[in-house]
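This is upload_11.cif (mmCIF, C-alpha atoms).
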```cif
data_target
loop_
_atom_site.label_atom_id
_atom_site.label_comp_id
_atom_site.auth_asym_id
_atom_site.auth_seq_id
_atom_site.Cartn_x
_atom_site.Cartn_y
_atom_site.Cartn_z
CA MET A 1 0.00 0.00 0.00
CA LEU A 2 2.80 2.38 0.98
CA GLN A 3 4.52 1.60 -2.32
CA PHE A 4 1.37 2.63 -4.20
CA VAL A 5 1.17 5.89 -2.26
CA LEU A 6 4.82 6.64 -2.98
CA LEU A 7 4.27 5.81 -6.65
CA PHE A 8 1.34 8.24 -6.82
CA LEU A 9 3.42 10.93 -5.20
CA ALA A 10 6.27 10.33 -7.62
CA MET A 11 3.89 10.51 -10.59
CA ALA A 12 2.46 13.85 -9.56
CA LEU A 13 4.24 17.00 -10.60
CA PRO A 14 5.43 19.56 -8.10
CA CYS A 15 3.98 23.03 -8.57
CA SER A 16 3.74 26.48 -7.08
CA ALA A 17 3.23 26.56 -3.34
CA GLN A 18 3.55 29.97 -1.77
CA GLU A 19 1.45 29.26 1.27
CA GLY A 20 -0.19 31.90 3.39
CA PRO A 21 1.63 32.39 6.68
CA PHE A 22 -1.23 31.69 9.11
CA PHE A 23 -1.39 28.53 11.20
CA VAL A 24 -4.80 29.11 12.78
CA THR A 25 -6.60 31.73 10.72
CA TYR A 26 -8.09 30.67 7.39
CA SER A 27 -8.35 33.01 4.43
CA HIS A 28 -10.58 32.57 1.38
CA HIS A 29 -7.73 31.22 -0.74
CA MET A 30 -8.49 27.62 -1.56
CA GLU A 31 -6.26 24.77 -2.68
CA GLU A 32 -5.94 24.67 -6.46
CA PRO A 33 -8.26 22.07 -8.01
CA GLY A 34 -6.70 18.64 -8.39
CA ASN A 35 -3.64 19.55 -6.30
CA LEU A 36 -2.57 17.75 -3.17
CA GLU A 37 -0.63 19.53 -0.48
CA VAL A 38 1.24 17.44 2.05
CA GLU A 39 2.20 19.30 5.18
CA THR A 40 3.88 18.42 8.42
CA SER A 41 3.69 20.85 11.32
CA SER A 42 4.33 20.99 15.00
CA THR A 43 3.03 23.07 17.88
CA VAL A 44 5.48 23.46 20.75
CA GLY A 45 4.30 24.84 24.08
CA ILE A 46 6.74 26.56 26.42
CA PRO A 47 5.21 26.02 29.86
CA ARG A 48 4.45 28.22 32.80
CA SER A 49 4.32 26.83 36.37
CA ARG A 50 2.18 23.68 36.74
CA GLN A 51 2.37 23.12 32.99
CA LYS A 52 4.75 20.84 31.12
CA PHE A 53 6.76 21.35 27.97
CA TYR A 54 5.09 19.63 25.04
CA ALA A 55 5.33 19.16 21.30
CA ALA A 56 2.29 18.27 19.20
CA PRO A 57 3.26 17.19 15.67
CA TYR A 58 0.58 16.73 13.04
CA ALA A 59 0.29 15.91 9.35
CA GLU A 60 -2.13 17.45 6.87
CA LEU A 61 -3.27 16.25 3.47
CA GLU A 62 -5.08 19.07 1.69
CA TYR A 63 -6.81 18.44 -1.62
CA GLY A 64 -8.49 20.87 -3.99
CA VAL A 65 -11.70 19.08 -5.01
CA THR A 66 -12.81 22.04 -7.12
CA ALA A 67 -11.82 25.70 -7.28
CA GLN A 68 -14.49 26.36 -4.62
CA TRP A 69 -14.14 23.27 -2.43
CA THR A 70 -11.12 22.09 -0.45
CA SER A 71 -10.92 18.99 1.76
CA GLU A 72 -8.33 18.26 4.37
CA LEU A 73 -7.37 15.31 6.57
CA TYR A 74 -5.31 15.71 9.75
CA LEU A 75 -3.50 13.10 11.80
CA GLU A 76 -2.22 14.41 15.11
CA SER A 77 -0.22 13.42 18.15
CA SER A 78 1.10 14.86 21.36
CA SER A 79 4.33 14.40 23.27
CA VAL A 80 4.58 15.77 26.82
CA TRP A 81 7.94 16.09 28.58
CA GLY A 82 8.21 13.62 31.48
CA ASP A 83 4.89 12.05 30.54
CA SER A 84 4.25 10.18 27.27
CA THR A 85 3.70 10.39 23.52
CA VAL A 86 0.25 9.54 22.27
CA PHE A 87 -1.70 9.55 19.01
CA THR A 88 -4.48 12.02 19.65
CA GLY A 89 -6.76 11.40 16.68
CA TRP A 90 -7.84 12.68 13.28
CA ARG A 91 -9.88 15.46 11.75
CA PHE A 92 -11.59 15.80 8.41
CA GLU A 93 -12.48 19.26 7.25
CA ASN A 94 -14.21 20.79 4.23
CA ARG A 95 -14.18 24.39 3.12
CA TYR A 96 -16.59 25.75 0.56
CA LYS A 97 -16.43 29.15 -1.04
CA PRO A 98 -19.95 29.98 -2.27
CA LEU A 99 -19.11 33.07 -4.33
CA LYS A 100 -17.50 32.50 -7.72
CA ARG A 101 -15.78 35.88 -8.01
CA GLU A 102 -13.64 38.01 -5.72
CA HIS A 103 -15.54 40.48 -3.56
CA TRP A 104 -14.76 43.09 -0.93
CA ILE A 105 -15.46 40.40 1.69
CA ASN A 106 -15.24 36.75 0.64
CA PRO A 107 -17.09 34.27 2.84
CA VAL A 108 -16.06 30.62 3.17
CA LEU A 109 -18.10 27.98 5.00
CA TYR A 110 -16.13 25.45 7.04
CA LEU A 111 -17.27 22.14 8.48
CA GLU A 112 -15.00 19.73 10.34
CA TYR A 113 -15.50 16.41 12.06
CA GLU A 114 -12.98 15.68 14.81
CA ASN A 115 -12.32 12.27 16.32
CA VAL A 116 -9.71 13.28 18.87
CA ASN A 117 -9.05 12.76 22.55
CA GLU A 118 -8.59 15.38 25.24
CA ALA A 119 -4.78 15.02 25.03
CA SER A 120 -4.87 16.93 21.73
CA ARG A 121 -2.59 19.95 21.89
CA ILE A 122 -2.07 21.01 18.27
CA GLN A 123 -4.35 24.00 18.88
CA LYS A 124 -5.34 24.46 15.25
CA GLU A 125 -8.04 26.55 16.85
CA ILE A 126 -8.94 27.44 20.39
CA GLU A 127 -12.53 27.25 21.47
CA GLY A 128 -14.32 27.28 24.80
CA GLY A 129 -11.80 27.31 27.65
CA GLY A 130 -8.89 26.05 25.51
CA PRO A 131 -6.98 22.76 25.93
CA ASP A 132 -6.16 21.18 29.29
CA LEU A 133 -2.43 21.89 29.69
CA THR A 134 -2.01 20.59 33.25
CA SER A 135 -3.42 17.02 33.34
CA ARG A 136 -1.36 13.97 32.38
CA ASN A 137 -1.71 12.32 28.96
CA ARG A 138 -2.80 9.07 30.63
CA ALA A 139 -5.82 10.80 32.11
CA LEU A 140 -6.67 12.70 28.95
CA HIS A 141 -5.99 10.01 26.35
CA GLY A 142 -9.00 7.91 27.33
CA GLU A 143 -11.45 10.79 26.96
CA ARG A 144 -12.54 10.69 23.35
CA ALA A 145 -14.27 13.66 21.82
CA HIS A 146 -16.36 13.44 18.68
CA GLU A 147 -16.74 17.06 17.72
CA LEU A 148 -18.41 18.95 14.96
CA GLU A 149 -16.77 22.25 14.27
CA THR A 150 -18.08 25.04 12.10
CA LYS A 151 -16.41 28.26 11.04
CA LEU A 152 -17.47 31.32 9.21
CA ILE A 153 -14.41 32.56 7.38
CA LEU A 154 -14.45 36.12 6.09
CA SER A 155 -11.48 37.27 4.10
CA SER A 156 -10.50 40.30 2.03
CA ASP A 157 -7.59 41.15 -0.22
CA VAL A 158 -7.15 44.88 0.14
CA HIS A 159 -4.41 46.03 -2.22
CA ASP A 160 -1.58 43.69 -1.19
CA TRP A 161 -2.89 42.92 2.28
CA ASN A 162 -4.94 39.91 3.26
CA ILE A 163 -7.29 40.46 6.18
CA SER A 164 -9.09 37.38 7.51
CA GLU A 165 -11.54 36.81 10.33
CA ASN A 166 -12.78 33.42 11.55
CA PHE A 167 -15.70 32.82 13.89
CA ILE A 168 -15.75 29.33 15.41
CA ALA A 169 -18.55 27.27 16.97
CA THR A 170 -17.88 23.68 18.12
CA LYS A 171 -20.23 21.05 19.47
CA ASN A 172 -18.86 18.05 21.33
CA LEU A 173 -21.14 15.17 20.33
CA SER A 174 -19.76 12.93 23.10
CA GLU A 175 -20.51 15.14 26.09
CA SER A 176 -22.89 17.88 27.13
CA GLU A 177 -20.50 20.79 26.95
CA GLY A 178 -22.86 23.06 25.10
CA VAL A 179 -21.56 24.89 22.07
CA GLU A 180 -18.05 26.34 22.44
CA PHE A 181 -16.92 29.47 20.67
CA GLY A 182 -13.63 30.87 19.43
CA TYR A 183 -12.14 33.39 17.07
CA ALA A 184 -9.08 34.02 14.91
CA PHE A 185 -8.00 37.17 13.08
CA GLY A 186 -5.03 37.61 10.80
CA VAL A 187 -3.36 40.22 8.63
CA SER A 188 -0.57 39.43 6.19
CA ARG A 189 1.32 40.96 3.29
CA PRO A 190 4.03 39.80 0.86
CA LEU A 191 7.34 41.55 1.47
CA ALA A 192 7.74 42.54 -2.19
CA ARG A 193 5.15 43.94 -4.59
CA LEU A 194 7.12 43.12 -7.74
CA ALA A 195 8.75 39.83 -8.69
CA SER A 196 12.35 40.02 -9.76
CA GLY A 197 13.36 38.37 -13.02
CA ALA A 198 16.18 36.44 -11.41
CA SER A 199 15.80 33.01 -9.91
CA CYS A 200 16.37 33.52 -6.21
CA ARG A 201 15.65 31.75 -2.97
CA PHE A 202 15.98 34.56 -0.45
CA CYS A 203 14.51 37.47 -2.39
CA ARG A 204 11.73 39.41 -0.66
CA GLU A 205 8.98 38.21 -3.00
CA ASN A 206 9.36 34.72 -1.53
CA PHE A 207 8.30 35.89 1.93
CA ILE A 208 4.90 36.77 3.39
CA ALA A 209 4.76 38.21 6.89
CA GLY A 210 1.85 38.91 9.15
CA VAL A 211 0.33 38.61 12.55
CA GLU A 212 -2.60 36.56 13.83
CA MET A 213 -4.57 36.57 17.05
CA TYR A 214 -6.71 33.71 18.29
CA GLY A 215 -8.46 32.45 21.39
CA GLY A 216 -11.58 31.05 23.00
CA LEU A 217 -14.85 32.81 23.67
CA GLY A 218 -16.46 30.54 26.25
CA SER A 219 -19.50 28.38 25.65
CA THR A 220 -23.25 28.32 25.96
CA LEU A 221 -22.78 26.61 29.37
CA ASP A 222 -20.13 28.94 30.84
CA GLY A 223 -21.22 32.06 29.07
CA PHE A 224 -19.99 33.80 25.96
CA THR A 225 -16.89 35.47 27.37
CA PRO A 226 -13.20 35.91 26.50
CA ARG A 227 -12.30 35.51 30.20
CA GLY A 228 -10.91 32.27 31.65
CA THR A 229 -9.59 30.96 28.32
CA ALA A 230 -6.43 31.00 26.21
CA HIS A 231 -5.58 33.87 23.88
CA TYR A 232 -2.50 34.35 21.74
CA VAL A 233 -1.03 36.99 19.49
CA ALA A 234 1.48 35.57 17.01
CA PRO A 235 3.76 37.10 14.38
CA VAL A 236 3.95 34.71 11.42
CA VAL A 237 6.11 34.34 8.34
CA SER A 238 5.96 32.12 5.29
CA TRP A 239 8.91 31.43 2.99
CA ALA A 240 8.58 29.84 -0.45
CA VAL A 241 11.66 27.64 -0.18
CA SER A 242 11.21 26.47 -3.76
CA ASP A 243 8.45 26.50 -6.40
CA ASN A 244 6.72 23.61 -4.65
CA ALA A 245 7.64 23.92 -0.98
CA SER A 246 6.92 26.40 1.78
CA LEU A 247 8.18 26.82 5.32
CA ARG A 248 6.10 28.66 7.91
CA LEU A 249 7.08 29.87 11.35
CA SER A 250 5.13 31.46 14.16
CA THR A 251 5.88 32.58 17.70
CA GLY A 252 2.70 33.02 19.70
CA PHE A 253 2.64 34.96 22.93
CA GLY A 254 0.07 33.94 25.52
CA LEU A 255 -2.09 36.78 26.79
CA THR A 256 -3.81 35.05 29.74
CA ASP A 257 -2.97 32.64 32.58
CA GLN A 258 -4.71 29.84 30.66
CA SER A 259 -2.29 30.29 27.73
CA ASN A 260 1.24 29.04 27.38
CA PRO A 261 3.66 31.97 27.72
CA VAL A 262 5.08 31.08 24.30
CA LEU A 263 3.64 28.85 21.60
CA LEU A 264 6.02 28.01 18.77
CA ARG A 265 4.77 26.64 15.49
CA ILE A 266 6.65 25.35 12.47
CA GLY A 267 5.24 23.87 9.27
CA TYR A 268 6.68 22.54 6.02
CA SER A 269 4.42 21.94 3.04
CA TYR A 270 4.97 20.35 -0.35
CA GLU A 271 2.47 20.74 -3.17
CA LEU A 272 1.80 18.16 -5.88
CA SER A 273 -0.12 19.18 -8.99
CA GLY A 274 -2.48 17.01 -11.00
CA PHE A 275 -2.76 14.46 -8.23
CA GLY A 276 -6.50 13.98 -8.65
CA SER A 277 -6.42 13.46 -12.41
CA ARG A 278 -3.58 10.96 -12.14
CA ILE A 279 -5.46 8.95 -9.53
CA SER A 280 -8.59 9.07 -11.73
CA ARG A 281 -6.69 7.83 -14.77
CA LEU A 282 -5.21 5.02 -12.72
CA PHE A 283 -8.72 3.80 -11.99
CA GLY A 284 -9.89 4.39 -15.56
CA VAL A 285 -12.06 7.40 -14.80
CA LYS A 286 -12.07 10.04 -17.54
CA ARG A 287 -12.05 13.69 -16.42
CA MET B 288 19.69 11.19 -39.40
CA LYS B 289 16.55 9.10 -39.53
CA ILE B 290 16.59 8.69 -35.75
CA SER B 291 16.91 12.41 -35.10
CA TYR B 292 14.07 13.06 -37.58
CA ALA B 293 11.89 10.55 -35.73
CA VAL B 294 12.77 12.12 -32.38
CA LEU B 295 11.90 15.57 -33.78
CA LEU B 296 8.60 14.25 -35.13
CA LEU B 297 7.78 12.62 -31.81
CA ALA B 298 8.65 15.79 -29.89
CA SER B 299 6.46 17.86 -32.22
CA SER B 300 3.58 15.42 -31.79
CA ILE B 301 3.91 15.55 -27.99
CA LEU B 302 4.03 19.34 -28.09
CA ALA B 303 1.00 19.52 -30.37
CA ALA B 304 -0.92 17.02 -28.22
CA GLY B 305 -0.20 19.16 -25.17
CA GLN B 306 -1.66 22.27 -26.77
CA ASN B 307 -5.26 23.30 -26.74
CA PRO B 308 -5.95 25.12 -30.03
CA ALA B 309 -9.61 24.08 -29.79
CA TYR B 310 -10.07 26.26 -26.70
CA GLN B 311 -13.44 28.01 -26.59
CA GLN B 312 -13.89 30.98 -24.32
CA ASP B 313 -16.53 30.81 -21.60
CA PRO B 314 -19.15 33.37 -22.71
CA GLN B 315 -20.11 33.96 -19.06
CA TRP B 316 -16.57 35.00 -18.13
CA ILE B 317 -16.41 38.62 -19.14
CA ALA B 318 -14.72 41.40 -17.23
CA PRO B 319 -16.93 44.33 -16.19
CA GLU B 320 -16.42 47.39 -18.39
CA ALA B 321 -14.67 49.43 -15.69
CA ALA B 322 -12.25 46.59 -14.90
CA GLY B 323 -11.54 46.01 -18.59
CA ALA B 324 -10.69 49.67 -19.10
CA LYS B 325 -7.89 49.67 -16.49
CA ALA B 326 -4.44 50.36 -17.92
CA ASN B 327 -1.40 48.33 -16.95
CA PRO B 328 0.67 50.52 -14.58
CA LEU B 329 3.77 48.60 -15.74
CA ALA B 330 3.13 49.21 -19.43
CA GLY B 331 6.17 51.49 -19.65
CA LYS B 332 8.39 49.09 -17.71
CA LEU B 333 8.86 46.21 -20.09
CA GLU B 334 11.85 44.97 -18.12
CA THR B 335 9.42 43.76 -15.41
CA ALA B 336 8.07 41.15 -17.85
CA ALA B 337 11.00 38.94 -16.82
CA GLY B 338 9.50 38.76 -13.33
CA GLY B 339 6.15 38.05 -15.02
CA ARG B 340 7.69 35.07 -16.78
CA LYS B 341 8.93 33.69 -13.48
CA LEU B 342 5.48 34.15 -11.95
CA PHE B 343 3.90 32.51 -14.99
CA LEU B 344 6.13 29.45 -14.73
CA ARG B 345 5.43 29.23 -11.00
CA ASN B 346 1.67 29.78 -11.02
CA CYS B 347 0.26 29.24 -14.52
CA ALA B 348 2.46 26.85 -16.51
CA GLU B 349 1.08 23.87 -14.62
CA CYS B 350 -2.21 24.25 -16.54
CA HIS B 351 -1.39 26.52 -19.49
CA GLY B 352 1.99 24.99 -20.35
CA SER B 353 5.33 26.75 -20.21
CA ASN B 354 4.67 28.38 -23.61
CA GLY B 355 1.10 29.33 -22.68
CA ALA B 356 -0.39 27.14 -25.41
CA GLY B 357 -2.85 25.50 -23.03
CA MET B 358 -3.42 21.82 -22.37
CA GLU B 359 -6.23 19.84 -23.90
CA LYS B 360 -6.45 17.43 -20.98
CA LYS B 361 -6.77 20.34 -18.54
CA HIS B 362 -9.22 22.24 -20.78
CA SER B 363 -7.03 25.29 -20.20
CA ALA B 364 -6.89 28.31 -22.47
CA ASP B 365 -4.34 28.62 -25.25
CA LEU B 366 -3.08 32.06 -24.25
CA GLN B 367 -1.43 32.55 -27.64
CA LEU B 368 -4.78 32.65 -29.42
CA ALA B 369 -6.04 35.93 -30.83
CA MET B 370 -9.25 35.65 -28.78
CA VAL B 371 -7.06 35.94 -25.68
CA GLN B 372 -4.45 38.37 -26.97
CA GLN B 373 -7.11 40.78 -28.29
CA GLN B 374 -8.50 41.29 -24.79
CA SER B 375 -7.50 44.44 -22.95
CA ASP B 376 -4.85 44.43 -20.22
CA GLY B 377 -7.55 45.27 -17.69
CA SER B 378 -9.66 42.33 -18.81
CA LEU B 379 -6.76 39.87 -18.45
CA PHE B 380 -5.90 41.35 -15.05
CA TRP B 381 -9.52 40.88 -13.93
CA LYS B 382 -9.51 37.25 -15.09
CA ILE B 383 -6.26 36.49 -13.27
CA THR B 384 -7.62 38.16 -10.14
CA ASN B 385 -11.05 36.51 -10.09
CA GLY B 386 -10.47 33.19 -11.77
CA ASN B 387 -13.35 31.21 -13.22
CA ALA B 388 -14.25 28.74 -10.50
CA PRO B 389 -16.92 26.75 -12.41
CA LYS B 390 -14.36 26.01 -15.14
CA GLY B 391 -11.55 25.22 -12.70
CA MET B 392 -9.49 28.40 -13.10
CA PRO B 393 -8.47 29.48 -9.58
CA SER B 394 -8.31 33.08 -8.39
CA PHE B 395 -4.84 34.60 -8.04
CA SER B 396 -5.87 37.51 -5.87
CA ARG B 397 -3.33 36.26 -3.33
CA LEU B 398 -0.59 37.67 -5.57
CA PRO B 399 0.19 41.36 -5.05
CA GLU B 400 -1.50 43.62 -7.61
CA LEU B 401 1.73 44.56 -9.37
CA GLN B 402 2.69 40.92 -9.75
CA ARG B 403 -0.64 40.27 -11.48
CA TRP B 404 0.13 43.16 -13.82
CA GLN B 405 3.55 41.60 -14.41
CA LEU B 406 1.75 38.45 -15.50
CA VAL B 407 -0.34 40.48 -17.97
CA LEU B 408 2.84 42.04 -19.32
CA PHE B 409 4.35 38.60 -19.82
CA LEU B 410 1.20 37.24 -21.50
CA ARG B 411 1.71 39.86 -24.19
CA THR B 412 5.05 38.30 -25.07
CA LEU B 413 3.55 34.90 -25.81
CA LYS B 414 3.74 34.06 -29.49
CA ALA B 415 2.02 31.21 -31.25
CA THR B 416 4.44 28.35 -31.93
CA GLY B 417 2.25 25.28 -32.44
CA PRO B 418 -0.15 24.17 -35.18
CA ALA B 419 -2.61 26.92 -34.16
CA ALA B 420 -0.13 29.49 -35.41
CA ALA B 421 -0.34 28.11 -38.91
CA ASP B 422 -4.13 28.15 -38.97
CA PRO B 423 -5.26 31.50 -40.35
CA ALA B 424 -8.74 30.94 -38.92
CA LYS B 425 -7.26 31.27 -35.44
#
```

Encoding of this model in structure tokens:
Amino acid sequence: MLQFVLLFLAMALPCSAQEGPFFVTYSHHMEEPGNLEVETSSTVGIPRSRQKFYAAPYAELEYGVTAQWTSELYLESSSVWGDSTVFTGWRFENRYKPLKREHWINPVLYLEYENVNEASRIQKEIEGGGPDLTSRNRALHGERAHELETKLILSSDVHDWNISENFIATKNLSESEGVEFGYAFGVSRPLARLASGASCRFCRENFIAGVEMYGGLGSTLDGFTPRGTAHYVAPVVSWAVSDNASLRLSTGFGLTDQSNPVLLRIGYSYELSGFGSRISRLFGVKR
Amino acid sequence: MKISYAVLLLASSILAAGQNPAYQQDPQWIAPEAAGAKANPLAGKLETAAGGRKLFLRNCAECHGSNGAGMEKKHSADLQLAMVQQQSDGSLFWKITNGNAPKGMPSFSRLPELQRWQLVLFLRTLKATGPAAADPAK
């Protein structure tokens, strides 16, 4: 099976992959149709007292079903210093952009099913009171959470700036936690407006910088409030390492006692073009 | 000599098969008048077309081919055709910016505005090289 997967990957062509710099905030830019993006990322939490150092690596497979519809599969894990390393589950998300043209504000509808346990620490979003950063993995690993997460993504390209806002509502189908809320905002801009004619790796046009802010907003049980939950503000940067690969970095600073003082994120993505059509041809489906 | 002739013939056939001279424009995909009337701010800076070429190879060649002749299997436009080249700079800029989602052309609004104008500048340098060039009807 693995050999087949590797063969498919080898058959697909690499293509352009200047990724946006955000880790949490989504913009309205979708995956190009038929392309597969493979990404590996990690969230590293620098602890405050009573918390432990942890790293939460995760893998993403993002596929452009159409120009308006993108699907993504996540596999995630968590490793806590002095505790253990556990597989924390998977997520399957879909984003749909209903408008065909660019507008002043571009809405995207987001629906995700999560089959994770409470040891999950990747913090792709923060909702409700945020993750439990003090309990041991052993205690958290057994608590499975089947969650349905929705987002309203609003995003604008204003001149060369991208401004994105996400409003999050999550329902845990396994427990009566009510509906939990969260938010994410981000602003980013490429470092160069013009592309140089020369082939270069470190020229400014290959970098996008920005800042994002994200956190929880309570729940229907505890009240819709930004208090008593985690909030972060994080400068972010994306670097197009090559025509088909991007590296993203983020240093998040915790704004409340429920946050980690520092949350580091790193992600490397590789984009493969024509993946869908090659798979279809393999199975004799004409596109 | 015979071998090199065969290789040349094969290469030409592959190139021709990769092109999309039968491309038909989507009649629904028309730039608004105001957008079509916009002038390229880089029109006097032809040297920036080199950056446009790099952007084209990075973002567009995957579907339109490195010479812009389009790909039949991707149903992508042959950008060398007169029906494309006769469009105004503003119209091409609008199409790059908005894309045509129902036909699979993504939006490139994520690129800075000037880079999209660089792409338009580069599109103007594309010259027909395949069989379509020899067809006077095109």

Practice problem: Please write the residues picked by the PyMOL selection byres ((chain B) within 8 of (chain A)) on this file as a list in words. | Solution: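 When the PyMOL selection byres ((chain B) within 8 of (chain A)) is applied to the shown file, the picked residues are Thr335, Ala336, Ala337, Gly338, Gly339, Arg340, Lys341, Leu342, Arg345, Asn346, Glu349, Thr384, Asn385, Gly386, Asn387, Ala388, Pro389, Gly391, Met392, Pro393, Ser394, Ser396, Arg397, Leu398, Pro399, Glu400, Leu401, Gln402 and Gln405 of chain B.
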
Practice problem: Report the distance between atom CA of A:Tyr54 and atom CA of A:Val80 in Å, rounded to one decimal place. | Solution: 4.3 Å

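In this structure, atom CA of A:Glu60 sits 4.6 Å away from atom CA of A:Tyr74.
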
Quiz prompt | Long-range neighbours of stretch 317-324 of chain B as a list in words, 9 Å cut-off, all atoms listed in the file, 3 positions minimum in chain | solution =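 Residues near the query, excluding close chain neighbours: Asp313, Pro314, Gln374, Ser375, Asp376, Gly377, Ser378, Leu379, Phe380, Trp381 and Lys382 of chain B.
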
Self-check item: Chain and number of each residue from the PyMOL selection byres ((chain A and resi 41) around 10), as a count of residues only
Solution: 21

Take stretch 247-260 of chain A, bring it up to N, CA and C atoms, and give me the output as a compact mmCIF listing (two decimals), in the frame of the given file.
```
# COMPACT_ATOMS: atom_id res chain seq x y z
N LEU A 247 7.88 26.98 3.89
CA LEU A 247 8.18 26.82 5.32
C LEU A 247 7.49 27.95 6.06
N ARG A 248 6.80 27.63 7.15
CA ARG A 248 6.10 28.66 7.91
C ARG A 248 6.55 28.61 9.37
N LEU A 249 6.66 29.77 9.95
CA LEU A 249 7.08 29.87 11.35
C LEU A 249 6.17 30.85 12.08
N SER A 250 5.96 30.57 13.35
CA SER A 250 5.13 31.46 14.16
C SER A 250 5.58 31.39 15.62
N THR A 251 5.61 32.53 16.26
CA THR A 251 5.88 32.58 17.70
C THR A 251 4.68 33.26 18.35
N GLY A 252 3.90 32.47 19.06
CA GLY A 252 2.70 33.02 19.70
C GLY A 252 3.00 33.40 21.14
N PHE A 253 2.46 34.51 21.55
CA PHE A 253 2.64 34.96 22.93
C PHE A 253 1.31 34.87 23.65
N GLY A 254 1.30 34.13 24.77
CA GLY A 254 0.07 33.94 25.52
C GLY A 254 -0.33 35.21 26.25
N LEU A 255 -1.61 35.51 26.22
CA LEU A 255 -2.09 36.78 26.79
C LEU A 255 -2.81 36.56 28.13
N THR A 256 -3.08 35.30 28.49
CA THR A 256 -3.81 35.05 29.74
C THR A 256 -3.12 33.93 30.52
N ASP A 257 -3.55 33.71 31.75
CA ASP A 257 -2.97 32.64 32.58
C ASP A 257 -3.28 31.26 32.03
N GLN A 258 -4.34 31.15 31.24
CA GLN A 258 -4.71 29.84 30.66
C GLN A 258 -3.89 29.53 29.40
N SER A 259 -3.11 30.48 28.93
CA SER A 259 -2.29 30.29 27.73
C SER A 259 -0.90 29.83 28.13
N ASN A 260 -0.19 29.22 27.19
CA ASN A 260 1.24 29.04 27.38
C ASN A 260 1.90 30.41 27.21
```
